[in-house]
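Raw target-v2.cif, mmCIF, C-alpha atoms and all ligand atoms:
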data_run
#
loop_
_atom_site.group_PDB
_atom_site.id
_atom_site.type_symbol
_atom_site.label_atom_id
_atom_site.label_comp_id
_atom_site.auth_asym_id
_atom_site.auth_seq_id
_atom_site.Cartn_x
_atom_site.Cartn_y
_atom_site.Cartn_z
ATOM 1 C CA GLY A 1 95.578 109.128 42.777
ATOM 2 C CA GLU A 2 96.427 106.663 40.060
ATOM 3 C CA TYR A 3 94.145 103.741 39.124
ATOM 4 C CA ARG A 4 95.509 100.391 40.261
ATOM 5 C CA ARG A 5 93.560 97.278 39.291
ATOM 6 C CA PRO A 6 92.743 95.356 42.483
ATOM 7 C CA VAL A 7 94.227 91.905 43.030
ATOM 8 C CA VAL A 8 92.670 89.112 45.086
ATOM 9 C CA SER A 9 95.090 86.268 45.678
ATOM 10 C CA GLY A 10 94.786 83.008 47.562
ATOM 11 C CA ASN A 11 97.593 81.127 49.272
ATOM 12 C CA TRP A 12 96.659 77.518 49.944
ATOM 13 C CA LYS A 13 99.875 76.815 51.894
ATOM 14 C CA LEU A 14 100.145 73.049 52.696
ATOM 15 C CA ASN A 15 96.430 72.419 52.018
ATOM 16 C CA PRO A 16 94.318 70.498 51.243
ATOM 17 C CA MET A 17 95.636 67.048 52.094
ATOM 18 C CA THR A 18 94.590 65.257 48.897
ATOM 19 C CA SER A 19 94.242 66.019 45.205
ATOM 20 C CA GLY A 20 90.633 64.838 45.457
ATOM 21 C CA GLU A 21 89.827 67.611 47.903
ATOM 22 C CA ALA A 22 91.736 70.126 45.774
ATOM 23 C CA LYS A 23 89.707 69.048 42.763
ATOM 24 C CA GLU A 24 86.391 69.633 44.538
ATOM 25 C CA THR A 25 87.388 73.128 45.645
ATOM 26 C CA LEU A 26 88.796 74.026 42.229
ATOM 27 C CA LYS A 27 85.621 72.885 40.450
ATOM 28 C CA LEU A 28 83.468 75.061 42.695
ATOM 29 C CA LEU A 29 85.855 78.000 42.380
ATOM 30 C CA ALA A 30 85.846 77.680 38.575
ATOM 31 C CA ALA A 31 82.031 77.603 38.468
ATOM 32 C CA ASN A 32 81.771 80.646 40.759
ATOM 33 C CA GLN A 33 84.408 82.493 38.760
ATOM 34 C CA ARG A 34 82.689 81.823 35.424
ATOM 35 C CA ALA A 35 79.436 83.203 36.839
ATOM 36 C CA LEU A 36 81.239 86.283 38.158
ATOM 37 C CA GLU A 37 83.007 86.875 34.843
ATOM 38 C CA GLU A 38 79.722 86.582 32.959
ATOM 39 C CA SER A 39 77.986 89.006 35.337
ATOM 40 C CA GLY A 40 79.601 91.989 33.634
ATOM 41 C CA LYS A 41 80.833 93.392 36.974
ATOM 42 C CA ASP A 42 84.276 94.924 37.378
ATOM 43 C CA ILE A 43 86.255 92.048 38.798
ATOM 44 C CA PRO A 44 89.741 92.048 40.284
ATOM 45 C CA GLU A 45 92.741 90.185 38.988
ATOM 46 C CA VAL A 46 92.741 86.779 40.726
ATOM 47 C CA ILE A 47 95.813 84.693 41.497
ATOM 48 C CA LEU A 48 95.873 81.299 43.198
ATOM 49 C CA PHE A 49 98.973 79.829 44.827
ATOM 50 C CA PRO A 50 98.287 76.084 45.272
ATOM 51 C CA PRO A 51 100.816 73.540 46.560
ATOM 52 C CA TYR A 52 103.246 72.543 43.756
ATOM 53 C CA PRO A 53 101.715 69.086 43.078
ATOM 54 C CA PHE A 54 98.270 70.611 42.495
ATOM 55 C CA ILE A 55 99.426 73.236 39.980
ATOM 56 C CA PRO A 56 98.560 71.161 36.877
ATOM 57 C CA LEU A 57 95.148 70.294 38.342
ATOM 58 C CA ALA A 58 94.481 73.976 39.117
ATOM 59 C CA SER A 59 95.479 75.036 35.584
ATOM 60 C CA GLU A 60 93.250 72.380 34.077
ATOM 61 C CA LEU A 61 90.180 73.094 36.201
ATOM 62 C CA LEU A 62 90.479 76.900 36.061
ATOM 63 C CA GLU A 63 91.058 76.963 32.315
ATOM 64 C CA GLY A 64 88.761 79.406 30.587
ATOM 65 C CA THR A 65 88.596 81.622 33.675
ATOM 66 C CA THR A 66 90.871 84.614 34.313
ATOM 67 C CA VAL A 67 92.328 83.045 37.477
ATOM 68 C CA ALA A 68 96.126 82.914 37.185
ATOM 69 C CA ILE A 69 98.316 80.378 38.972
ATOM 70 C CA GLY A 70 101.542 80.887 40.886
ATOM 71 C CA GLY A 71 104.120 79.019 42.939
ATOM 72 C CA GLN A 72 104.234 79.577 46.726
ATOM 73 C CA ASP A 73 108.033 79.658 46.733
ATOM 74 C CA CYS A 74 110.931 78.502 44.571
ATOM 75 C CA SER A 75 114.361 76.987 44.838
ATOM 76 C CA LEU A 76 117.439 79.208 44.780
ATOM 77 C CA HIS A 77 118.777 76.782 42.166
ATOM 78 C CA ASP A 78 117.686 76.324 38.584
ATOM 79 C CA LYS A 79 118.496 72.620 38.160
ATOM 80 C CA GLY A 80 120.733 69.868 39.370
ATOM 81 C CA ALA A 81 121.375 67.870 42.514
ATOM 82 C CA PHE A 82 118.959 69.634 44.891
ATOM 83 C CA THR A 83 116.551 66.925 46.026
ATOM 84 C CA GLY A 84 113.089 68.134 46.897
ATOM 85 C CA GLU A 85 113.454 71.581 45.339
ATOM 86 C CA VAL A 86 111.259 73.214 42.654
ATOM 87 C CA SER A 87 112.734 75.777 40.253
ATOM 88 C CA VAL A 88 111.270 78.885 38.664
ATOM 89 C CA SER A 89 111.801 77.335 35.216
ATOM 90 C CA GLN A 90 109.748 74.321 36.218
ATOM 91 C CA LEU A 91 106.965 76.587 37.515
ATOM 92 C CA ALA A 92 107.005 78.694 34.350
ATOM 93 C CA SER A 93 106.930 75.567 32.172
ATOM 94 C CA LEU A 94 103.745 74.437 33.969
ATOM 95 C CA GLY A 95 102.038 77.669 32.967
ATOM 96 C CA CYS A 96 102.565 79.608 36.192
ATOM 97 C CA ASN A 97 102.733 83.352 35.655
ATOM 98 C CA HIS A 98 103.286 84.266 39.292
ATOM 99 C CA LEU A 99 105.622 83.582 42.175
ATOM 100 C CA LEU A 100 105.093 84.287 45.867
ATOM 101 C CA VAL A 101 108.268 85.059 47.809
ATOM 102 C CA GLY A 102 109.158 85.872 51.395
ATOM 103 C CA HIS A 103 105.967 84.646 53.039
ATOM 104 C CA SER A 104 106.320 85.020 56.813
ATOM 105 C CA GLU A 105 106.070 81.230 57.200
ATOM 106 C CA ARG A 106 109.099 80.854 54.919
ATOM 107 C CA ARG A 107 110.942 83.526 56.874
ATOM 108 C CA THR A 108 110.129 82.251 60.355
ATOM 109 C CA LEU A 109 109.667 78.460 59.989
ATOM 110 C CA PHE A 110 112.329 77.947 57.312
ATOM 111 C CA ASP A 111 114.765 80.727 58.301
ATOM 112 C CA GLU A 112 114.565 82.460 54.957
ATOM 113 C CA THR A 113 116.647 85.639 54.926
ATOM 114 C CA ASP A 114 116.125 88.961 53.148
ATOM 115 C CA VAL A 115 119.100 88.077 50.919
ATOM 116 C CA GLU A 116 117.406 84.833 49.847
ATOM 117 C CA VAL A 117 114.121 86.662 49.288
ATOM 118 C CA ASN A 118 115.949 89.106 47.020
ATOM 119 C CA LYS A 119 117.587 86.245 45.058
ATOM 120 C CA LYS A 120 114.185 84.624 44.540
ATOM 121 C CA VAL A 121 112.734 87.941 43.349
ATOM 122 C CA HIS A 122 115.411 88.084 40.639
ATOM 123 C CA LEU A 123 115.026 84.399 39.752
ATOM 124 C CA GLY A 124 111.278 84.905 39.309
ATOM 125 C CA LEU A 125 111.630 88.063 37.222
ATOM 126 C CA ASN A 126 114.305 86.477 35.027
ATOM 127 C CA ALA A 127 112.031 83.475 34.435
ATOM 128 C CA GLY A 128 109.273 85.831 33.253
ATOM 129 C CA LEU A 129 107.154 85.450 36.371
ATOM 130 C CA ARG A 130 105.343 88.252 38.163
ATOM 131 C CA VAL A 131 106.545 88.314 41.734
ATOM 132 C CA MET A 132 104.506 88.978 44.863
ATOM 133 C CA ILE A 133 106.785 89.916 47.762
ATOM 134 C CA CYS A 134 105.466 89.422 51.307
ATOM 135 C CA ILE A 135 106.602 91.732 54.072
ATOM 136 C CA GLY A 136 105.362 92.332 57.595
ATOM 137 C CA GLU A 137 106.330 92.971 61.182
ATOM 138 C CA THR A 138 105.838 90.668 64.162
ATOM 139 C CA GLU A 139 103.508 91.471 67.035
ATOM 140 C CA ASP A 140 106.429 92.560 69.276
ATOM 141 C CA GLU A 141 107.713 94.875 66.570
ATOM 142 C CA PHE A 142 104.216 96.294 66.049
ATOM 143 C CA ASN A 143 103.781 96.910 69.773
ATOM 144 C CA VAL A 144 106.969 98.957 70.035
ATOM 145 C CA ASN A 145 106.132 100.989 66.935
ATOM 146 C CA LEU A 146 108.671 99.318 64.677
ATOM 147 C CA ALA A 147 106.233 98.345 61.907
ATOM 148 C CA ASP A 148 107.304 101.055 59.478
ATOM 149 C CA ALA A 149 111.020 100.490 60.125
ATOM 150 C CA VAL A 150 110.763 96.714 59.666
ATOM 151 C CA ASN A 151 108.668 96.989 56.517
ATOM 152 C CA GLU A 152 111.008 99.601 55.052
ATOM 153 C CA ILE A 153 114.004 97.303 55.531
ATOM 154 C CA GLN A 154 112.191 94.269 54.109
ATOM 155 C CA VAL A 155 111.035 96.225 51.041
ATOM 156 C CA LYS A 156 114.456 97.723 50.381
ATOM 157 C CA LYS A 157 116.283 94.417 50.799
ATOM 158 C CA ALA A 158 113.780 92.474 48.688
ATOM 159 C CA LEU A 159 114.003 95.033 45.879
ATOM 160 C CA ALA A 160 117.808 95.403 45.787
ATOM 161 C CA GLY A 161 118.837 95.521 42.123
ATOM 162 C CA VAL A 162 115.250 95.586 40.811
ATOM 163 C CA THR A 163 114.867 98.287 38.139
ATOM 164 C CA ALA A 164 111.935 100.669 37.744
ATOM 165 C CA ALA A 165 110.978 98.790 34.553
ATOM 166 C CA GLN A 166 110.986 95.466 36.408
ATOM 167 C CA MET A 167 108.677 96.962 39.043
ATOM 168 C CA GLU A 168 105.834 96.490 36.526
ATOM 169 C CA ASP A 169 106.001 92.811 37.506
ATOM 170 C CA ILE A 170 106.193 93.295 41.275
ATOM 171 C CA THR A 171 103.357 93.321 43.805
ATOM 172 C CA ILE A 172 103.897 93.880 47.522
ATOM 173 C CA ALA A 173 101.809 92.012 50.110
ATOM 174 C CA TYR A 174 101.830 93.571 53.569
ATOM 175 C CA GLU A 175 101.059 90.783 56.008
ATOM 176 C CA PRO A 176 101.462 91.669 59.676
ATOM 177 C CA VAL A 177 102.707 88.400 61.184
ATOM 178 C CA TRP A 178 100.352 88.806 64.140
ATOM 179 C CA ALA A 179 97.337 88.860 61.796
ATOM 180 C CA ILE A 180 98.198 85.725 59.803
ATOM 181 C CA GLY A 181 95.979 82.781 60.638
ATOM 182 C CA THR A 182 95.084 84.330 63.979
ATOM 183 C CA GLY A 183 91.664 85.774 63.227
ATOM 184 C CA LYS A 184 93.044 89.180 64.327
ATOM 185 C CA VAL A 185 92.539 91.419 61.305
ATOM 186 C CA CYS A 186 94.638 94.550 61.233
ATOM 187 C CA ASP A 187 92.105 97.378 61.427
ATOM 188 C CA ALA A 188 91.644 99.161 58.136
ATOM 189 C CA PRO A 189 93.055 102.585 59.171
ATOM 190 C CA THR A 190 96.215 100.915 60.539
ATOM 191 C CA ALA A 191 96.674 98.933 57.327
ATOM 192 C CA GLN A 192 96.179 102.153 55.355
ATOM 193 C CA GLU A 193 98.948 103.877 57.350
ATOM 194 C CA VAL A 194 101.400 101.054 56.725
ATOM 195 C CA HIS A 195 100.493 100.861 53.038
ATOM 196 C CA SER A 196 101.032 104.564 52.537
ATOM 197 C CA ALA A 197 104.380 104.308 54.372
ATOM 198 C CA VAL A 198 105.401 101.437 52.031
ATOM 199 C CA ARG A 199 104.375 103.559 49.043
ATOM 200 C CA ARG A 200 106.633 106.351 50.323
ATOM 201 C CA VAL A 201 109.508 103.851 50.474
ATOM 202 C CA LEU A 202 108.813 102.917 46.830
ATOM 203 C CA ASP A 203 108.855 106.611 45.953
ATOM 204 C CA GLU A 204 112.215 106.986 47.675
ATOM 205 C CA LEU A 205 113.607 103.936 45.807
ATOM 206 C CA TYR A 206 112.148 104.898 42.410
ATOM 207 C CA PRO A 207 111.736 108.688 42.388
ATOM 208 C CA ASN A 208 110.080 110.387 39.412
ATOM 209 C CA THR A 209 109.208 107.106 37.711
ATOM 210 C CA GLY A 210 105.557 106.642 38.617
ATOM 211 C CA VAL A 211 106.484 103.300 40.234
ATOM 212 C CA ALA A 212 105.121 104.175 43.673
ATOM 213 C CA GLY A 213 101.768 105.194 42.208
ATOM 214 C CA ARG A 214 101.491 102.116 39.997
ATOM 215 C CA THR A 215 102.630 99.319 42.330
ATOM 216 C CA ARG A 216 99.850 97.315 43.922
ATOM 217 C CA ILE A 217 100.212 96.905 47.687
ATOM 218 C CA LEU A 218 98.014 94.102 49.054
ATOM 219 C CA TYR A 219 96.929 93.413 52.614
ATOM 220 C CA GLY A 220 97.059 89.906 54.092
ATOM 221 C CA GLY A 221 96.094 88.504 57.470
ATOM 222 C CA SER A 222 92.814 86.808 58.400
ATOM 223 C CA VAL A 223 90.864 88.343 55.513
ATOM 224 C CA THR A 224 87.323 86.925 55.329
ATOM 225 C CA PRO A 225 84.085 87.727 53.499
ATOM 226 C CA GLU A 226 83.188 89.743 56.629
ATOM 227 C CA SER A 227 86.276 91.970 56.564
ATOM 228 C CA ILE A 228 87.020 92.356 52.837
ATOM 229 C CA ASP A 229 84.725 95.253 51.953
ATOM 230 C CA VAL A 230 85.980 97.512 54.740
ATOM 231 C CA ILE A 231 89.680 96.902 54.081
ATOM 232 C CA MET A 232 89.259 97.430 50.313
ATOM 233 C CA ARG A 233 87.855 100.907 50.906
ATOM 234 C CA GLU A 234 91.261 102.180 52.037
ATOM 235 C CA PRO A 235 92.908 104.156 49.237
ATOM 236 C CA ASP A 236 96.314 102.457 49.460
ATOM 237 C CA VAL A 237 94.977 98.910 49.886
ATOM 238 C CA ASP A 238 95.005 97.530 46.342
ATOM 239 C CA GLY A 239 93.920 94.005 47.075
ATOM 240 C CA VAL A 240 94.425 91.095 49.417
ATOM 241 C CA LEU A 241 96.361 87.897 49.954
ATOM 242 C CA VAL A 242 94.073 85.344 51.568
ATOM 243 C CA GLY A 243 95.151 82.183 53.382
ATOM 244 C CA GLY A 244 92.516 80.203 55.293
ATOM 245 C CA ALA A 245 89.456 81.659 53.560
ATOM 246 C CA SER A 246 90.879 80.839 50.111
ATOM 247 C CA LEU A 247 90.461 77.125 50.874
ATOM 248 C CA MET A 248 86.683 77.463 50.764
ATOM 249 C CA ALA A 249 85.529 78.255 47.234
ATOM 250 C CA ASP A 250 82.398 80.136 48.284
ATOM 251 C CA LYS A 251 84.283 82.309 50.764
ATOM 252 C CA PHE A 252 87.087 83.019 48.315
ATOM 253 C CA SER A 253 84.596 83.875 45.555
ATOM 254 C CA ARG A 254 82.779 86.256 47.899
ATOM 255 C CA ILE A 255 86.105 87.951 48.644
ATOM 256 C CA ILE A 256 86.789 88.224 44.891
ATOM 257 C CA ASP A 257 83.313 89.791 44.539
ATOM 258 C CA PHE A 258 84.087 92.493 47.139
ATOM 259 C CA SER A 259 82.272 95.814 47.016
HETATM 260 C C1 LIG B 1 98.639 84.215 54.454
HETATM 261 O O1 LIG B 1 99.223 83.250 54.930
HETATM 262 O O2 LIG B 1 99.105 84.770 53.464
HETATM 263 C C2 LIG B 1 97.415 84.658 55.119
HETATM 264 C C3 LIG B 1 97.041 85.872 54.936
HETATM 265 O O3 LIG B 1 96.748 83.731 55.902
HETATM 266 P P1 LIG B 1 95.311 83.928 56.631
HETATM 267 O O4 LIG B 1 94.409 84.619 55.633
HETATM 268 O O5 LIG B 1 94.870 82.552 56.937
HETATM 269 O O6 LIG B 1 95.567 84.769 57.827
#
As structure tokens:
Amino acid sequence: GEYRRPVVSGNWKLNPMTSGEAKETLKLLAANQRALEESGKDIPEVILFPPYPFIPLASELLEGTTVAIGGQDCSLHDKGAFTGEVSVSQLASLGCNHLLVGHSERRTLFDETDVEVNKKVHLGLNAGLRVMICIGETEDEFNVNLADAVNEIQVKKALAGVTAAQMEDITIAYEPVWAIGTGKVCDAPTAQEVHSAVRRVLDELYPNTGVAGRTRILYGGSVTPESIDVIMREPDVDGVLVGGASLMADKFSRIIDFS
């Protein structure tokens, strides 16, 4: 198979409650990351998705490390009378290089549709951001063997109109909804099966381009320092998207330092 550099990403969601707490975590994370980078080990690409108001603080405190910053979502609009929204241009102008789209919480709690996810993918790419697209089936869908069908539809709809060249800036995060924030980690062989099915979908969408072999497919759902090493051993698992455990600098750093 092709070499794909692993990615460890952290999604802080609506946490922590204050910038003071964010600052403490970011300082620890920066110190851990500097030590890891100086160790000479092979380290993964690291991306942090903090809440919008903490993005400048994260950039400042992580400066000099290789940790990149991204937005957890974006507005469908670029500017104007859309109170409370945050645009891709604003994110890019703050130094964000990444954008998370289609997180299951956006889809389920905020009724985000596949069409909106696809629009955000294009907005991110056009603003020069690298886009991480979240997909994943619910527990009911998983139980009736619909995981592959659901993920295929979500991938195809999210990538509508995305060219093979643009796929260089796309990462897929498979996050089974039933494993997010539940402590139920998808077992590694099951994740591997889904990831290889998603890679086959990419091969169908972008045949003879090398896209399927190059695209990183991450796993997300209750990843912890205890589960990271096993899941990363699967050949089609190219990294992780971490929620809860990314809020604790020592846990997140241990996940980054997986073996
Ligand atoms: C997530 O929300 O992307 C996630 C994977 O959360 P957790 O790690 O807390 O399950």
Review point. Could you spell out the hits of the PyMOL selection byres (((not hetatm)) within 10 of (chain B and resi 1)) on the shown file, as a ChimeraX atom specification?
Key: /A:9-13,49,72,100,103-105,134,173-185,219-224,240-247
Check your understanding: Could you work out how far atom CA of A:Phe142 lies from atom CA of A:Thr113, giving the answer in Å with one decimal?
Key -> 19.8 Å
Go through stretch 120-212 of chain A and flag each residue having an atom no more than 10 Å from stretch 83-90 of chain A; for those, report the closest pair of atoms plus their distance in Å to one decimal, using all atoms listed in the file, ordered by chain and rising number, as CSV.
residue,atom,partner,partner_atom,distance
A:Lys120,CA,A:Val88,CA,8.7
A:Leu123,CA,A:Val88,CA,6.8
A:Gly124,CA,A:Val88,CA,6.1
A:Leu125,CA,A:Val88,CA,9.3
A:Asn126,CA,A:Val88,CA,8.9
A:Ala127,CA,A:Ser89,CA,6.2
A:Gly128,CA,A:Val88,CA,9.0
A:Leu129,CA,A:Val88,CA,8.1
**Study point:** Selection result for the PyMOL selection byres (((chain A and resi 8) around 10) and not hetatm) on this file, as a list in words
**Key:**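 Taken over the shown coordinates, the PyMOL selection byres (((chain A and resi 8) around 10) and not hetatm) returns Pro6, Val7, Ser9, Gly10, Ile43, Pro44, Glu45, Val46, Ile47, Leu48, Val67, Leu218, Tyr219, Asp238, Gly239, Val240, Leu241, Val242, Ser246, Phe252, Ser253, Ile255, Ile256, Asp257 and Phe258 of chain A.
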Check your understanding: Which one is closest to A:Arg106: A:Glu226, A:Asp148, A:Asp73, A:Glu137? Count all atoms listed in the file.
Key -> A:Asp73
Exercise for review: Name the residues in contact with A:Glu60 at a cut-off of 10 Å, using all atoms listed in the file, excluding same-chain residues fewer than 6 positions from it; report them as a list in words.
Suggested key: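 Surrounding residues, per the criterion: Lys23, Leu26, Lys27 and Phe54 of chain A.
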Selection above as a file: C-alpha atoms, as a JSON list (two decimals), keeping the file's coordinate frame:
[["chain", "number", "residue", "atom", "x", "y", "z"],
["A", 23, "LYS", "CA", 89.71, 69.05, 42.76],
["A", 26, "LEU", "CA", 88.80, 74.03, 42.23],
["A", 27, "LYS", "CA", 85.62, 72.89, 40.45],
["A", 54, "PHE", "CA", 98.27, 70.61, 42.50]]
Exercise for review: Starting from the displayed file, determine the output of the PyMOL selection byres (((chain A and resi 155-171) around 8) and not hetatm) and express the residue list as an NGL selection string.
Suggested key: :A and (114-115 or 117-118 or 121-122 or 125 or 129-133 or 135 or 151-154 or 172-173 or 198 or 201 or 205-206 or 209 or 211 or 214-218)
Practice item. Work out how far apart atom CA of A:Glu24 and atom CA of A:Pro50 are and give it in Å to one decimal. Key: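 Between atom CA of A:Glu24 and atom CA of A:Pro50 the gap is 13.6 Å.
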Edge lengths and centre, in Å to one decimal, as JSON: that's what I need for the box along x, y and z that holds all listed atoms of stretch 195-199 of chain A plus 6 Å on each side.
{"center_x": 102.9, "center_y": 102.7, "center_z": 51.7, "size_x": 16.9, "size_y": 15.7, "size_z": 17.3}
Check your understanding: Rounded to one decimal in Å, what is the spacing between atom CA of A:Asp42 and atom CA of A:Ala30?
Key -> 17.4 Å
Tell me which protein, DNA and RNA residues are within 9 Å of A:Asn32, counting only C-alpha atoms, leaving out same-chain ones fewer than 3 positions away, and put them as a short mmCIF file (atom, residue, chain, number, x, y, z; two decimals) with C-alpha atoms, keeping the file's coordinate frame.
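Output below, filename part_18.cif:
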data_model
loop_
_atom_site.label_atom_id
_atom_site.label_comp_id
_atom_site.auth_asym_id
_atom_site.auth_seq_id
_atom_site.Cartn_x
_atom_site.Cartn_y
_atom_site.Cartn_z
CA LYS A 27 85.62 72.89 40.45
CA LEU A 28 83.47 75.06 42.70
CA LEU A 29 85.86 78.00 42.38
CA ALA A 35 79.44 83.20 36.84
CA LEU A 36 81.24 86.28 38.16
CA GLU A 37 83.01 86.88 34.84
CA ALA A 249 85.53 78.26 47.23
CA ASP A 250 82.40 80.14 48.28
CA SER A 253 84.60 83.88 45.56
#
Point to revise | Spatial neighbours of A:Asp187, 9 Å, all atoms listed in the file, chain gap at least 4 places, as a PyMOL selection string | key: chain A and resi 191-192+231
Review point. For A:Lys251, which residue out of A:Pro53, A:Pro235, A:Pro225, A:Gly40 is the nearest one, using only C-alpha atoms?
Key: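 Using only C-alpha atoms, A:Lys251 sits closest to A:Pro225.
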**Study point:** Counting all atoms listed in the file, the residue of A:Tyr3, A:Phe82, A:Tyr52, A:Phe110 that sits nearest A:Gly213
**Key:**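 Result for the nearest residue to A:Gly213: A:Tyr3.
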